[in-house]
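Student: Pasting a structure below so you can have a look.
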There are 2 protein chains.
Amino acid sequence: MARTANPDTPAGRKILEVAGVLFYERGIGAVGVDLIAEQAGTTKKTLYDRFGSKDALVAAYLERREERWEEFLEEWMRARGPKSGLDRVLAVLDAEEAWWAGSRRGCAFVNAHAELSEGDHPGRAVLREGKRRSRGKFVALLAEAGVPDAETLGARVHMVYEGAMVNLTVGGMAEAFDEAREAIRALVGEG
Amino acid sequence: MARTANPDTPAGRKILEVAGVLFYERGIGAVGVDLIAEQAGTTKKTLYDRFGSKDALVAAYLERREERWEEFLEEWMRARGPKSGLDRVLAVLDAEEAWWAGSRRGCAFVNAHAELSEGDHPGRAVLREGKRRSRGKFVALLAEAGVPDAETLGARVHMVYEGAMVNLTVGGMAEAFDEAREAIRALVGEG
DNA sequence: AAGTAACCATACCGGTCGGTATACTCGCAG
DNA sequence: CTGCGAGTATACCGACCGGTATGGTTACTT
């Protein structure tokens, strides 16, 4: 009957962990469920018992990725981020650079969007929500910094942020994040 | 021996045309060479005689896409674009919206990057060059508009432009291009 | 003692993948 | 008239795709 199934078991977690690496590094379509099961030291049977379908596993991967990024960002801000002001906004870019740590694959959500052509894929909603949360984070940080019209400026900062990721990864422009930080300073008005 | 082969034949052009639609609309990995050959009204044999491999066909697709976009932009600017000033920069965004015309698949180059995981894919160079040409176009338009420091500002405008595309397609933010135009006005300084 | 959730192992399904092989027809330039 | 480039048609290859089936083994509950 399959039912909804609970993926939160030892094998389920391992599958999700392995899928997280493989989907991101090689692309969703390029990675088969056989490989994931093998790399996770389990079987396809268990994978399907936990997640029901590849599409559902993909959606779980995207949700987990969002979760992990937000945890990473929070920890980064706590440990290394400035305490207040515009620098706190710029620190998100620092965190993003550290988050990728050498990989040139870029934003997992943008990449996933390219492969989820069917409009009704369960992962699509995760992507939309993720980008909106990202934008919301910038708005919140600007508001905390006491910037007037944080809503409008947050949207602009977010666009620069997204554009920098594209330019770094697709365009191979190593200086993209430095340019982005300068652009954000210019947009917000230096303080 | 295959050799380099000349794809510029009736069948070759038809294959490239069909591949252009299918690769963009469904994704590169999701479209097989069998389907392309069939839709082009030819055979896989001819496809391989003309292009040699799927990878080479993909690279040709990306090159052709860049070529077509630049033709489209030039024609758009000639027919509908303003004659001078900052409005000419903003018109690139208008052209981009028209270029997509309803499709929510977003930037073909960004999507292709997500699927070309192998670092040595012949298409990667096309992507890098495409983004650099795009940036160069903004720099050139700003310089023509008499804006000082067109190099720096062009880079910033380009980041906003790329970010808007991501936010519209991945984030489903319908207002992204309007926000981008406002952001660009703010960056360049209204004039 | 019975039930159940979680797991492993293996085999199978129809279909598609990129790519190659063989053999033929047509039109054109030397 | 000959050779060649471009095209057609069909068949084949091993590998992999997502997904299902069968069967058996633990370990914890009730």
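Identifiers in the structure tokens: chain A, B, ... in order shown; residue index from 1 per chain; ligand index from 1 in order shown.
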When you get a sec, could you note down which chain B residues fall within 9 Å of chain D, using only C-alpha atoms (C1' of nucleotides), as a PDB file with C-alpha atoms, in the first residue's frame?
Tutor:
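Saved file part_34.pdb follows:
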```
ATOM      1  CA  THR B   9      22.694  21.075 -44.604  1.00  0.00           C
ATOM      2  CA  ALA B  11      18.598  18.026 -42.538  1.00  0.00           C
ATOM      3  CA  THR B  42      15.075  12.330 -40.285  1.00  0.00           C
ATOM      4  CA  THR B  43      17.102   9.508 -38.767  1.00  0.00           C
ATOM      5  CA  THR B  46      21.886  11.519 -40.258  1.00  0.00           C
TER       6      THR B  46
END
```
Student: Return as a PyMOL selection string the residues belonging to chain A that are within 8 Å of chain B, counting only C-alpha atoms.
Tutor: chain A and resi 25-27+29-30+105+109-115+117+127-132+155-156+158-164+166-167+170-172+179-180+183+186-187
Student: Residues of chain C that approach chain B to 10 Å or less, counting only C-alpha atoms (C1' of nucleotides): could you list each one with the shortest pair of atoms and its distance in Å to one decimal, rows by chain and increasing residue number, as a tab-separated table?
Tutor:
```
residue	atom	partner	partner_atom	distance
C:DT16	C1'	B:Gly32	CA	8.4
C:DC17	C1'	B:Gly32	CA	7.2
C:DG18	C1'	B:Val33	CA	7.7
C:DG19	C1'	B:Ser53	CA	8.2
C:DT20	C1'	B:Lys45	CA	9.0
```
Student: Save out the residues we just selected, C-alpha atoms (C1' of nucleotides), as a PDB file, in the first residue's frame.
Tutor:
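Printed below is again19.pdb as written:
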```
ATOM      1  C1'  DT C  16      14.887   4.275 -23.242  1.00  0.00           C
ATOM      2  C1'  DC C  17      19.664   5.741 -23.414  1.00  0.00           C
ATOM      3  C1'  DG C  18      23.826   7.145 -26.664  1.00  0.00           C
ATOM      4  C1'  DG C  19      25.987   5.195 -30.366  1.00  0.00           C
ATOM      5  C1'  DT C  20      27.165   1.936 -34.350  1.00  0.00           C
TER       6       DT C  20
END
```
Student: Report, in Å to a single decimal, how far apart atom CA of A:Glu67 and atom CA of A:Gly136 are.
Tutor: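 Answer for the atom CA of A:Gly136 to atom CA of A:Glu67 separation: 15.1 Å.
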Student: Can you list, as a PyMOL selection string, every residue of stretch 109-147 of chain B that DSSP puts in helix (DSSP H, G or I)?
Tutor: chain B and resi 109-115+124-144
Student: Could you write those residues out with N, CA and C atoms, as a compact mmCIF listing (two decimals), in the first residue's frame?
Tutor:
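Dumped everything to out04.txt:
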```
# COMPACT_ATOMS: atom_id res chain seq x y z
N PHE B 109 20.82 29.17 -20.79
CA PHE B 109 22.21 28.95 -20.41
C PHE B 109 22.31 28.50 -18.96
N VAL B 110 21.52 29.11 -18.11
CA VAL B 110 21.49 28.71 -16.70
C VAL B 110 21.00 27.27 -16.59
N ASN B 111 19.96 26.95 -17.33
CA ASN B 111 19.42 25.60 -17.31
C ASN B 111 20.44 24.59 -17.83
N ALA B 112 21.10 24.96 -18.90
CA ALA B 112 22.10 24.05 -19.47
C ALA B 112 23.24 23.82 -18.49
N HIS B 113 23.64 24.86 -17.81
CA HIS B 113 24.73 24.74 -16.84
C HIS B 113 24.40 23.70 -15.78
N ALA B 114 23.14 23.63 -15.40
CA ALA B 114 22.72 22.68 -14.37
C ALA B 114 22.86 21.24 -14.84
N GLU B 115 22.82 21.04 -16.13
CA GLU B 115 22.83 19.67 -16.65
C GLU B 115 24.19 19.25 -17.20
N ARG B 124 30.25 24.18 -22.11
CA ARG B 124 30.57 25.06 -20.99
C ARG B 124 31.16 26.40 -21.44
N ALA B 125 32.05 26.34 -22.41
CA ALA B 125 32.69 27.57 -22.89
C ALA B 125 31.66 28.50 -23.52
N VAL B 126 30.66 27.92 -24.19
CA VAL B 126 29.62 28.73 -24.81
C VAL B 126 28.84 29.48 -23.74
N LEU B 127 28.56 28.81 -22.63
CA LEU B 127 27.82 29.44 -21.54
C LEU B 127 28.61 30.62 -20.96
N ARG B 128 29.87 30.37 -20.66
CA ARG B 128 30.71 31.42 -20.09
C ARG B 128 30.76 32.64 -21.01
N GLU B 129 31.01 32.36 -22.28
CA GLU B 129 31.12 33.44 -23.25
C GLU B 129 29.79 34.19 -23.38
N GLY B 130 28.70 33.45 -23.34
CA GLY B 130 27.38 34.06 -23.47
C GLY B 130 27.10 35.06 -22.36
N LYS B 131 27.42 34.67 -21.14
CA LYS B 131 27.17 35.57 -20.01
C LYS B 131 28.08 36.79 -20.08
N ARG B 132 29.29 36.59 -20.57
CA ARG B 132 30.20 37.72 -20.69
C ARG B 132 29.74 38.69 -21.79
N ARG B 133 29.21 38.14 -22.85
CA ARG B 133 28.68 39.00 -23.91
C ARG B 133 27.49 39.80 -23.41
N SER B 134 26.67 39.13 -22.59
CA SER B 134 25.51 39.78 -22.02
C SER B 134 25.93 40.97 -21.15
N ARG B 135 26.91 40.72 -20.30
CA ARG B 135 27.45 41.80 -19.46
C ARG B 135 28.02 42.91 -20.33
N GLY B 136 28.75 42.52 -21.35
CA GLY B 136 29.36 43.50 -22.25
C GLY B 136 28.33 44.39 -22.92
N LYS B 137 27.17 43.82 -23.23
CA LYS B 137 26.11 44.60 -23.88
C LYS B 137 25.64 45.73 -22.97
N PHE B 138 25.47 45.41 -21.68
CA PHE B 138 25.03 46.45 -20.74
C PHE B 138 26.08 47.53 -20.59
N VAL B 139 27.34 47.10 -20.52
CA VAL B 139 28.44 48.07 -20.41
C VAL B 139 28.43 49.00 -21.63
N ALA B 140 28.28 48.41 -22.80
CA ALA B 140 28.30 49.19 -24.03
C ALA B 140 27.14 50.19 -24.08
N LEU B 141 25.95 49.73 -23.70
CA LEU B 141 24.78 50.61 -23.73
C LEU B 141 24.92 51.77 -22.75
N LEU B 142 25.49 51.47 -21.58
CA LEU B 142 25.70 52.53 -20.59
C LEU B 142 26.74 53.53 -21.08
N ALA B 143 27.77 53.01 -21.71
CA ALA B 143 28.81 53.90 -22.24
C ALA B 143 28.23 54.80 -23.33
N GLU B 144 27.39 54.20 -24.19
CA GLU B 144 26.74 54.98 -25.25
C GLU B 144 25.83 56.06 -24.66
```
Student: Which residue out of A:Ala150, A:Ala91, A:Leu57, A:Val18 has the minimum interatomic distance to A:Pro122 when only C-alpha atoms are used?
Tutor: A:Leu57
Student: Quick one: pull the distance between atom C1' of C:DA6 and atom CA of A:Gln39, Å, one decimal.
Tutor: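 Separation of atom C1' of C:DA6 and atom CA of A:Gln39: 18.7 Å.
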